[in-house]
$ cat entry_1.pdb   # PDB, C-alpha atoms
ATOM      1  CA  MET A   1      21.854   8.165  26.114
ATOM      2  CA  GLY A   2      18.145   7.370  26.102
ATOM      3  CA  ILE A   3      16.218   4.623  24.328
ATOM      4  CA  ALA A   4      13.181   5.339  22.142
ATOM      5  CA  ARG A   5      10.078   3.989  23.870
ATOM      6  CA  GLU A   6       8.869   2.450  20.609
ATOM      7  CA  GLY A   7      11.831   0.070  20.690
ATOM      8  CA  ILE A   8      11.240  -1.430  24.139
ATOM      9  CA  ARG A   9       9.201  -4.336  22.764
ATOM     10  CA  GLU A  10      11.857  -5.258  20.194
ATOM     11  CA  ILE A  11      14.623  -4.983  22.793
ATOM     12  CA  VAL A  12      12.768  -7.283  25.215
ATOM     13  CA  ILE A  13      12.024  -9.822  22.461
ATOM     14  CA  ALA A  14      15.639  -9.719  21.264
ATOM     15  CA  ALA A  15      16.842 -10.164  24.844
ATOM     16  CA  GLY A  16      14.717 -13.286  25.286
ATOM     17  CA  VAL A  17      15.668 -14.847  21.967
ATOM     18  CA  CYS A  18      19.370 -13.993  22.273
ATOM     19  CA  THR A  19      19.552 -15.183  25.887
ATOM     20  CA  ALA A  20      18.026 -18.541  24.975
ATOM     21  CA  ALA A  21      20.317 -18.915  21.965
ATOM     22  CA  ALA A  22      23.357 -17.846  23.979
ATOM     23  CA  ALA A  23      22.504 -20.358  26.718
ATOM     24  CA  ALA A  24      22.281 -23.128  24.126
ATOM     25  CA  GLY A  25      25.575 -21.983  22.646
ATOM     26  CA  ALA A  26      27.252 -21.971  26.067
ATOM     27  CA  TRP A  27      26.019 -25.517  26.700
ATOM     28  CA  GLY A  28      27.398 -26.548  23.316
ATOM     29  CA  ALA A  29      30.723 -24.847  24.057
ATOM     30  CA  LEU A  30      31.072 -26.664  27.380
ATOM     31  CA  SER A  31      29.765 -30.013  26.166
ATOM     32  CA  VAL A  32      30.649 -30.309  22.480
ATOM     33  CA  SER A  33      33.192 -27.807  21.167
ATOM     34  CA  PRO A  34      34.667 -24.429  22.177
ATOM     35  CA  LEU A  35      33.642 -23.185  18.723
ATOM     36  CA  PHE A  36      30.126 -22.726  20.086
ATOM     37  CA  TRP A  37      31.425 -19.673  21.971
ATOM     38  CA  ILE A  38      31.341 -17.920  18.601
ATOM     39  CA  ALA A  39      27.550 -18.357  18.557
ATOM     40  CA  VAL A  40      27.349 -16.934  22.092
ATOM     41  CA  ILE A  41      29.325 -13.849  21.036
ATOM     42  CA  LEU A  42      27.157 -13.372  17.937
ATOM     43  CA  CYS A  43      23.995 -13.525  20.061
ATOM     44  CA  MET A  44      25.374 -10.877  22.389
ATOM     45  CA  ASP A  45      26.344  -8.679  19.425
ATOM     46  CA  LEU A  46      22.863  -9.015  17.921
ATOM     47  CA  TRP A  47      21.162  -7.919  21.136
ATOM     48  CA  PHE A  48      23.564  -4.986  21.473
ATOM     49  CA  PHE A  49      22.783  -3.944  17.894
ATOM     50  CA  VAL A  50      19.022  -3.918  18.581
ATOM     51  CA  VAL A  51      19.570  -1.733  21.655
ATOM     52  CA  LEU A  52      21.887   0.548  19.679
ATOM     53  CA  PHE A  53      19.352   0.897  16.868
ATOM     54  CA  PHE A  54      16.763   2.395  19.204
ATOM     55  CA  ARG A  55      19.131   4.867  20.876
ATOM     56  CA  ASP A  56      17.664   8.328  21.317
ATOM     57  CA  PRO A  57      20.400  10.849  22.155
ATOM     58  CA  ASP A  58      19.734  14.395  23.296
ATOM     59  CA  ARG A  59      20.732  17.054  20.787
ATOM     60  CA  ALA A  60      21.824  20.694  21.003
ATOM     61  CA  VAL A  61      19.182  22.412  18.843
ATOM     62  CA  PRO A  62      20.190  25.682  17.086
ATOM     63  CA  THR A  63      18.185  28.676  18.294
ATOM     64  CA  GLU A  64      18.866  31.217  15.541
ATOM     65  CA  PRO A  65      15.544  32.375  13.980
ATOM     66  CA  GLY A  66      14.606  31.263  10.473
ATOM     67  CA  LEU A  67      16.650  28.063  10.375
ATOM     68  CA  LEU A  68      15.343  24.581   9.595
ATOM     69  CA  VAL A  69      17.168  21.643  11.145
ATOM     70  CA  SER A  70      17.455  18.125   9.808
ATOM     71  CA  PRO A  71      14.446  15.891  10.507
ATOM     72  CA  ALA A  72      16.675  12.796  10.667
ATOM     73  CA  ASP A  73      20.178  11.396  11.052
ATOM     74  CA  GLY A  74      21.802  10.067   7.896
ATOM     75  CA  LYS A  75      23.310  11.079   4.568
ATOM     76  CA  VAL A  76      21.914  13.711   2.212
ATOM     77  CA  THR A  77      21.188  11.864  -1.031
ATOM     78  CA  ASP A  78      19.397  14.514  -3.065
ATOM     79  CA  ILE A  79      18.504  18.205  -3.158
ATOM     80  CA  GLU A  80      15.781  18.669  -5.730
ATOM     81  CA  SER A  81      13.716  21.498  -7.150
ATOM     82  CA  LEU A  82      10.148  20.341  -7.805
ATOM     83  CA  PRO A  83       7.699  22.093 -10.158
ATOM     84  CA  ARG A  84       4.912  21.371  -7.681
ATOM     85  CA  TYR A  85       4.157  19.305  -4.604
ATOM     86  CA  PRO A  86       0.832  18.265  -3.015
ATOM     87  CA  GLY A  87      -0.076  20.730  -0.278
ATOM     88  CA  ILE A  88       2.219  23.455  -1.630
ATOM     89  CA  ASP A  89       0.872  26.015  -4.078
ATOM     90  CA  GLY A  90       3.754  26.285  -6.493
ATOM     91  CA  PRO A  91       7.353  25.093  -6.780
ATOM     92  CA  ALA A  92       9.065  23.366  -3.864
ATOM     93  CA  LEU A  93      12.495  22.349  -2.648
ATOM     94  CA  ARG A  94      13.070  18.853  -1.314
ATOM     95  CA  ILE A  95      15.996  17.432   0.654
ATOM     96  CA  GLY A  96      16.217  13.629   0.888
ATOM     97  CA  ILE A  97      18.075  11.851   3.705
ATOM     98  CA  PHE A  98      18.982   8.159   3.701
ATOM     99  CA  LEU A  99      19.111   6.410   7.091
ATOM    100  CA  SER A 100      21.167   3.241   7.268
ATOM    101  CA  ILE A 101      20.557   0.608   9.927
ATOM    102  CA  PHE A 102      23.433   2.168  11.911
ATOM    103  CA  ASP A 103      21.897   5.653  12.138
ATOM    104  CA  VAL A 104      19.660   7.034  14.883
ATOM    105  CA  HIS A 105      16.108   6.555  13.579
ATOM    106  CA  VAL A 106      14.193   9.055  15.696
ATOM    107  CA  ASN A 107      12.647  11.781  13.516
ATOM    108  CA  ARG A 108      12.584  15.405  14.697
ATOM    109  CA  SER A 109      10.652  18.518  13.762
ATOM    110  CA  PRO A 110      12.689  20.859  11.532
ATOM    111  CA  CYS A 111      10.942  23.932  12.943
ATOM    112  CA  ALA A 112       8.626  25.135  15.688
ATOM    113  CA  GLY A 113       4.972  25.201  14.758
ATOM    114  CA  ARG A 114       1.624  23.446  14.735
ATOM    115  CA  ILE A 115       0.794  20.131  13.106
ATOM    116  CA  LEU A 116      -1.755  20.812  10.379
ATOM    117  CA  ARG A 117      -2.186  17.220   9.250
ATOM    118  CA  THR A 118      -0.630  13.765   9.157
ATOM    119  CA  GLN A 119      -1.375  11.334   6.345
ATOM    120  CA  TYR A 120      -0.360   7.679   6.106
ATOM    121  CA  LYS A 121       0.007   6.035   2.678
ATOM    122  CA  PRO A 122       0.452   2.268   2.214
ATOM    123  CA  GLY A 123       2.878   1.181  -0.463
ATOM    124  CA  GLU A 124       5.859  -0.901  -1.478
ATOM    125  CA  PHE A 125       9.151  -1.506   0.322
ATOM    126  CA  LEU A 126      11.781  -0.588  -2.250
ATOM    127  CA  ASP A 127      15.310   0.087  -1.036
ATOM    128  CA  ALA A 128      15.339   3.572   0.531
ATOM    129  CA  ARG A 129      18.066   4.579  -1.953
ATOM    130  CA  HIS A 130      15.866   3.736  -4.952
ATOM    131  CA  PRO A 131      15.133   6.940  -6.930
ATOM    132  CA  ARG A 132      11.370   6.263  -6.950
ATOM    133  CA  CYS A 133      10.972   5.014  -3.392
ATOM    134  CA  GLY A 134       9.533   8.368  -2.324
ATOM    135  CA  GLU A 135       6.589   7.836  -4.654
ATOM    136  CA  ARG A 136       6.029   4.088  -4.332
ATOM    137  CA  ASN A 137       6.933   3.116  -0.772
ATOM    138  CA  GLU A 138       4.850   3.115   2.353
ATOM    139  CA  ALA A 139       5.063   6.607   3.832
ATOM    140  CA  ASN A 140       3.708   9.014   6.401
ATOM    141  CA  THR A 141       3.463  12.753   5.700
ATOM    142  CA  ILE A 142       3.585  15.340   8.483
ATOM    143  CA  ILE A 143       2.562  18.882   7.535
ATOM    144  CA  ILE A 144       3.693  21.665   9.862
ATOM    145  CA  GLU A 145       2.574  25.291   9.988
ATOM    146  CA  PRO A 146       5.751  27.087  11.118
ATOM    147  CA  ARG A 147       5.525  29.412  14.101
ATOM    148  CA  GLU A 148       8.011  31.857  12.572
ATOM    149  CA  SER A 149       9.403  32.575   9.134
ATOM    150  CA  PRO A 150       9.915  30.913   6.705
ATOM    151  CA  GLY A 151       6.434  30.683   5.342
ATOM    152  CA  GLY A 152       4.904  27.266   5.279
ATOM    153  CA  PRO A 153       3.865  24.666   5.041
ATOM    154  CA  VAL A 154       6.919  22.649   6.076
ATOM    155  CA  ILE A 155       6.504  18.973   5.165
ATOM    156  CA  VAL A 156       8.311  15.981   6.627
ATOM    157  CA  ARG A 157       7.874  12.567   4.995
ATOM    158  CA  GLN A 158       8.772   9.338   6.774
ATOM    159  CA  ILE A 159       9.386   6.690   4.102
ATOM    160  CA  ALA A 160       9.810   2.969   4.739
ATOM    161  CA  GLY A 161      12.649   1.093   3.062
ATOM    162  CA  LEU A 162      13.573  -2.448   2.134
ATOM    163  CA  ILE A 163      14.148  -3.452   5.758
ATOM    164  CA  ALA A 164      12.065  -0.820   7.549
ATOM    165  CA  ARG A 165       8.502  -2.095   7.793
ATOM    166  CA  ARG A 166       6.964   0.089  10.455
ATOM    167  CA  ILE A 167       6.545   3.855  10.530
ATOM    168  CA  ILE A 168       5.710   5.474  13.865
ATOM    169  CA  CYS A 169       4.284   8.996  14.090
ATOM    170  CA  ARG A 170       4.157  10.601  17.539
ATOM    171  CA  VAL A 171       2.220  13.742  16.599
ATOM    172  CA  ARG A 172      -1.395  14.432  15.666
ATOM    173  CA  GLU A 173      -3.302  17.280  14.046
ATOM    174  CA  GLY A 174      -3.320  20.337  16.273
ATOM    175  CA  ASP A 175      -0.214  19.398  18.278
ATOM    176  CA  SER A 176       2.377  22.090  18.933
ATOM    177  CA  VAL A 177       6.028  21.199  18.343
ATOM    178  CA  GLY A 178       9.300  22.944  18.953
ATOM    179  CA  ARG A 179      12.295  22.928  16.670
ATOM    180  CA  GLY A 180      14.110  19.632  17.197
ATOM    181  CA  ASP A 181      11.229  17.952  19.050
ATOM    182  CA  ARG A 182      10.830  14.213  18.503
ATOM    183  CA  ILE A 183       7.951  13.521  16.105
ATOM    184  CA  GLY A 184       8.355   9.845  15.183
ATOM    185  CA  LEU A 185      10.568   6.936  14.264
ATOM    186  CA  ILE A 186      11.064   4.461  11.414
ATOM    187  CA  LYS A 187      12.237   0.987  12.353
ATOM    188  CA  PHE A 188      15.307  -0.590  10.698
ATOM    189  CA  GLY A 189      16.488   1.556   7.782
ATOM    190  CA  SER A 190      14.553   4.212   5.906
ATOM    191  CA  ARG A 191      14.397   7.575   4.190
ATOM    192  CA  THR A 192      13.193  10.966   5.436
ATOM    193  CA  GLU A 193      12.366  13.934   3.238
ATOM    194  CA  LEU A 194      11.994  17.631   4.031
ATOM    195  CA  ILE A 195       9.929  19.717   1.611
ATOM    196  CA  VAL A 196       9.427  23.498   1.715
ATOM    197  CA  PRO A 197       7.915  26.022  -0.723
ATOM    198  CA  THR A 198      10.402  27.722  -3.022
ATOM    199  CA  ALA A 199       8.570  30.934  -2.131
ATOM    200  CA  ALA A 200       9.893  30.603   1.431
ATOM    201  CA  ASN A 201      13.228  31.803  -0.024
ATOM    202  CA  LEU A 202      15.360  29.245   1.760
ATOM    203  CA  LYS A 203      18.737  27.961   0.633
ATOM    204  CA  ALA A 204      20.276  24.579   1.319
ATOM    205  CA  ALA A 205      22.977  24.687   4.004
ATOM    206  CA  VAL A 206      24.134  21.134   3.181
ATOM    207  CA  ARG A 207      25.551  19.340   0.164
ATOM    208  CA  ILE A 208      24.988  15.972  -1.428
ATOM    209  CA  ASN A 209      26.636  13.205   0.667
ATOM    210  CA  ASP A 210      26.844  15.373   3.804
ATOM    211  CA  ARG A 211      26.161  13.597   7.094
ATOM    212  CA  VAL A 212      23.415  15.247   9.134
ATOM    213  CA  HIS A 213      22.060  14.816  12.660
ATOM    214  CA  GLY A 214      18.376  15.180  13.441
ATOM    215  CA  GLY A 215      17.532  18.309  15.411
ATOM    216  CA  ALA A 216      21.143  19.562  15.362
ATOM    217  CA  THR A 217      22.298  20.069  11.759
ATOM    218  CA  VAL A 218      21.025  23.157   9.962
ATOM    219  CA  VAL A 219      19.839  22.068   6.500
ATOM    220  CA  LEU A 220      18.015  25.202   5.323
ATOM    221  CA  ARG A 221      18.594  28.864   6.065
ATOM    222  CA  PRO A 222      17.245  32.153   4.676
ATOM    223  CA  ALA A 223      18.735  32.797   1.248
ATOM    224  CA  SER A 224      19.649  36.334   2.312
ATOM    225  CA  GLU A 225      22.207  34.934   4.750
ATOM    226  CA  ALA A 226      25.600  33.554   3.790
ATOM    227  CA  ALA A 227      24.846  29.895   3.071
ATOM    228  CA  HIS A 228      27.269  27.155   4.028
ATOM    229  CA  GLY A 229      25.976  24.624   1.539
ATOM    230  CA  ALA A 230      25.011  24.104  -2.053
ATOM    231  CA  ASP A 231      22.589  26.064  -4.144
ATOM    232  CA  PRO A 232      19.943  23.431  -4.998
ATOM    233  CA  SER A 233      19.616  24.842  -8.482
ATOM    234  CA  ALA A 234      23.358  24.505  -9.091
ATOM    235  CA  PRO A 235      24.956  21.807  -6.933
ATOM    236  CA  PRO A 236      28.752  22.003  -6.741
ATOM    237  CA  ASP A 237      29.270  18.346  -7.521
ATOM    238  CA  ALA A 238      27.305  17.645 -10.659
ATOM    239  CA  GLN A 239      28.150  13.973 -10.583
ATOM    240  CA  ALA A 240      27.005  13.447  -7.007
ATOM    241  CA  ALA A 241      23.876  15.604  -7.155
ATOM    242  CA  ARG A 242      20.741  14.099  -8.606
ATOM    243  CA  LEU A 243      19.026  17.391  -9.359
ATOM    244  CA  GLN A 244      15.920  16.869 -11.420
ATOM    245  CA  SER A 245      12.312  17.914 -11.745
ATOM    246  CA  VAL A 246       9.874  15.398 -10.297
ATOM    247  CA  GLU A 247       6.116  15.520 -10.092
ATOM    248  CA  TYR A 248       4.074  13.623  -7.538
TER     249      TYR A 248
END

$ encode --input "entry_1.pdb" --output "structure tokens"
Amino acid sequence: MGIAREGIREIVIAAGVCTAAAAAGAWGALSVSPLFWIAVILCMDLWFFVVLFFRDPDRAVPTEPGLLVSPADGKVTDIESLPRYPGIDGPALRIGIFLSIFDVHVNRSPCAGRILRTQYKPGEFLDARHPRCGERNEANTIIIEPRESPGGPVIVRQIAGLIARRIICRVREGDSVGRGDRIGLIKFGSRTELIVPTAANLKAAVRINDRVHGGATVVLRPASEAAHGADPSAPPDAQAARLQSVEY
């Protein structure tokens, strides 16, 4: 399993801090009390967690035409129909994914295409599960012109959370990306959204509370095919789904 290059600095810093703290704890355990070994173990666990957070596993990307894969690892928190969305002429469909601190935080392109634009927006740091965090939090928007159907644009939003305080975008305007390619990372807990035009005639292949894996899980497929997930206009679990109309 690989490590995201953006996490090398944090891993090195954590290694230095945890090594120093562990050395002090070992001295205390040998000189004062065996209870200090607990501090040594905690330091080792903390460093391991930092390394684990920046893991970047390879994924088997689906190759069937017309599919959109998840842009992130995490849990599907909402599937919403929007009356409009900036950059999309008309109604849109949005899928929101919450990433806990235990999820892989590398973001991936949901489709093959060309990067039309990226746009960073400063903002607040509400909890990534807050219903208005998509509007108010710091965020980065990546707009992709898909290489094949469905029609575009396909929009990925990287949204900071309560703990996540740094959004990293690897792509720039004009870059070409393949389906499942790495396009960025959000450090320490966050939210990622996928937005497509309703006119693209795509249907959700996931349900509220489903676990998804970036680059591997199919989240949208042509509506003409047999879908494996919920209809966003009529989610099967009315209590779990937060289906509503939102304007940005």

$ residues_near_point --input "entry_1.pdb" --point "(3.0, 16.8, 16.8)" --cutoff "10 Å" --atoms "all atoms listed in the file" --output "ChimeraX atom specification"
/A:108-109,113-118,142-144,169-178,181-184

$ write_last_selection --input "entry_1.pdb" --atoms "C-alpha atoms" --output "short mmCIF file (atom, residue, chain, number, x, y, z; two decimals), in the coordinates of the input"
data_model
loop_
_atom_site.label_atom_id
_atom_site.label_comp_id
_atom_site.auth_asym_id
_atom_site.auth_seq_id
_atom_site.Cartn_x
_atom_site.Cartn_y
_atom_site.Cartn_z
CA ARG A 108 12.58 15.40 14.70
CA SER A 109 10.65 18.52 13.76
CA GLY A 113 4.97 25.20 14.76
CA ARG A 114 1.62 23.45 14.74
CA ILE A 115 0.79 20.13 13.11
CA LEU A 116 -1.76 20.81 10.38
CA ARG A 117 -2.19 17.22 9.25
CA THR A 118 -0.63 13.76 9.16
CA ILE A 142 3.58 15.34 8.48
CA ILE A 143 2.56 18.88 7.54
CA ILE A 144 3.69 21.66 9.86
CA CYS A 169 4.28 9.00 14.09
CA ARG A 170 4.16 10.60 17.54
CA VAL A 171 2.22 13.74 16.60
CA ARG A 172 -1.40 14.43 15.67
CA GLU A 173 -3.30 17.28 14.05
CA GLY A 174 -3.32 20.34 16.27
CA ASP A 175 -0.21 19.40 18.28
CA SER A 176 2.38 22.09 18.93
CA VAL A 177 6.03 21.20 18.34
CA GLY A 178 9.30 22.94 18.95
CA ASP A 181 11.23 17.95 19.05
CA ARG A 182 10.83 14.21 18.50
CA ILE A 183 7.95 13.52 16.10
CA GLY A 184 8.36 9.85 15.18
#

$ resolve_selection --input "entry_1.pdb" --expression "the PyMOL selection byres ((chain A and resi 18-25) around 10)" --output "list of chain:residue names"
A:Val12, A:Ile13, A:Ala14, A:Ala15, A:Gly16, A:Val17, A:Ala26, A:Trp27, A:Gly28, A:Ala29, A:Leu30, A:Ser31, A:Val32, A:Ser33, A:Pro34, A:Leu35, A:Phe36, A:Trp37, A:Ile38, A:Ala39, A:Val40, A:Ile41, A:Leu42, A:Cys43, A:Met44, A:Asp45, A:Leu46, A:Trp47, A:Phe48

$ residues_around --input "entry_1.pdb" --residues "A:Gly66" --least-positions-apart "2" --cutoff "12 Å" --atoms "only C-alpha atoms" --output "PyMOL selection string"
chain A and resi 62-64+68-69+110-112+146-152+179+200-203+218-225

$ closest_residue --input "entry_1.pdb" --among "A:Gly74, A:Asp89, A:Pro197, A:Ser81" --to "A:Ile101" --atoms "only C-alpha atoms"
A:Gly74

$ atom_distance --input "entry_1.pdb" --atom1 "atom CA of A:Ala139" --atom2 "atom CA of A:Ala205"
25.5 Å

$ residues_near_point --input "entry_1.pdb" --point "(23.4, 3.1, 16.5)" --cutoff "12 Å" --atoms "all atoms listed in the file" --output "NGL selection string"
:A and (1-4 or 48-57 or 73-74 or 99-106 or 188-189)

$ closest_residue --input "entry_1.pdb" --among "A:Pro122, A:Gly215, A:Pro83, A:Pro71" --to "A:Ile97" --atoms "all atoms listed in the file"
A:Pro71

$ axis_aligned_box --input "entry_1.pdb" --around "stretch 193-201 of chain A" --padding-each-side "5 Å" --output "lines of an AutoDock Vina configuration file"
center_x = 10.6
center_y = 22.9
center_z = 0.5
size_x = 15.3
size_y = 27.9
size_z = 17.1

$ resolve_selection --input "entry_1.pdb" --expression "the PyMOL selection byres ((chain A and resi 85) around 9)" --output "ChimeraX atom specification"
/A:82-84,86-92,195,197,246-248

$ atom_distance --input "entry_1.pdb" --atom1 "atom CA of A:Asp210" --atom2 "atom CA of A:Leu67"
17.6 Å

$ build_atoms --input "entry_1.pdb" --residues "stretch 49-60 of chain A" --atoms "N, CA and C atoms" --output "compact mmCIF listing (two decimals), in the coordinates of the input"
# COMPACT_ATOMS: atom_id res chain seq x y z
N PHE A 49 23.16 -4.71 19.08
CA PHE A 49 22.78 -3.94 17.89
C PHE A 49 21.34 -3.46 17.99
N VAL A 50 20.43 -4.32 18.45
CA VAL A 50 19.02 -3.92 18.58
C VAL A 50 18.89 -2.76 19.56
N VAL A 51 19.60 -2.84 20.68
CA VAL A 51 19.57 -1.73 21.66
C VAL A 51 20.13 -0.47 21.02
N LEU A 52 21.25 -0.61 20.30
CA LEU A 52 21.89 0.55 19.68
C LEU A 52 20.98 1.19 18.63
N PHE A 53 20.22 0.36 17.91
CA PHE A 53 19.35 0.90 16.87
C PHE A 53 18.33 1.86 17.45
N PHE A 54 17.82 1.57 18.62
CA PHE A 54 16.76 2.40 19.20
C PHE A 54 17.30 3.47 20.15
N ARG A 55 18.58 3.79 20.05
CA ARG A 55 19.13 4.87 20.88
C ARG A 55 18.47 6.20 20.52
N ASP A 56 18.34 7.04 21.51
CA ASP A 56 17.66 8.33 21.32
C ASP A 56 18.45 9.41 22.05
N PRO A 57 19.54 9.88 21.47
CA PRO A 57 20.40 10.85 22.16
C PRO A 57 19.77 12.24 22.21
N ASP A 58 20.12 12.99 23.24
CA ASP A 58 19.73 14.40 23.30
C ASP A 58 20.59 15.18 22.30
N ARG A 59 20.03 16.24 21.78
CA ARG A 59 20.73 17.05 20.79
C ARG A 59 20.71 18.53 21.17
N ALA A 60 21.77 19.25 20.83
CA ALA A 60 21.82 20.69 21.00
C ALA A 60 21.16 21.32 19.78
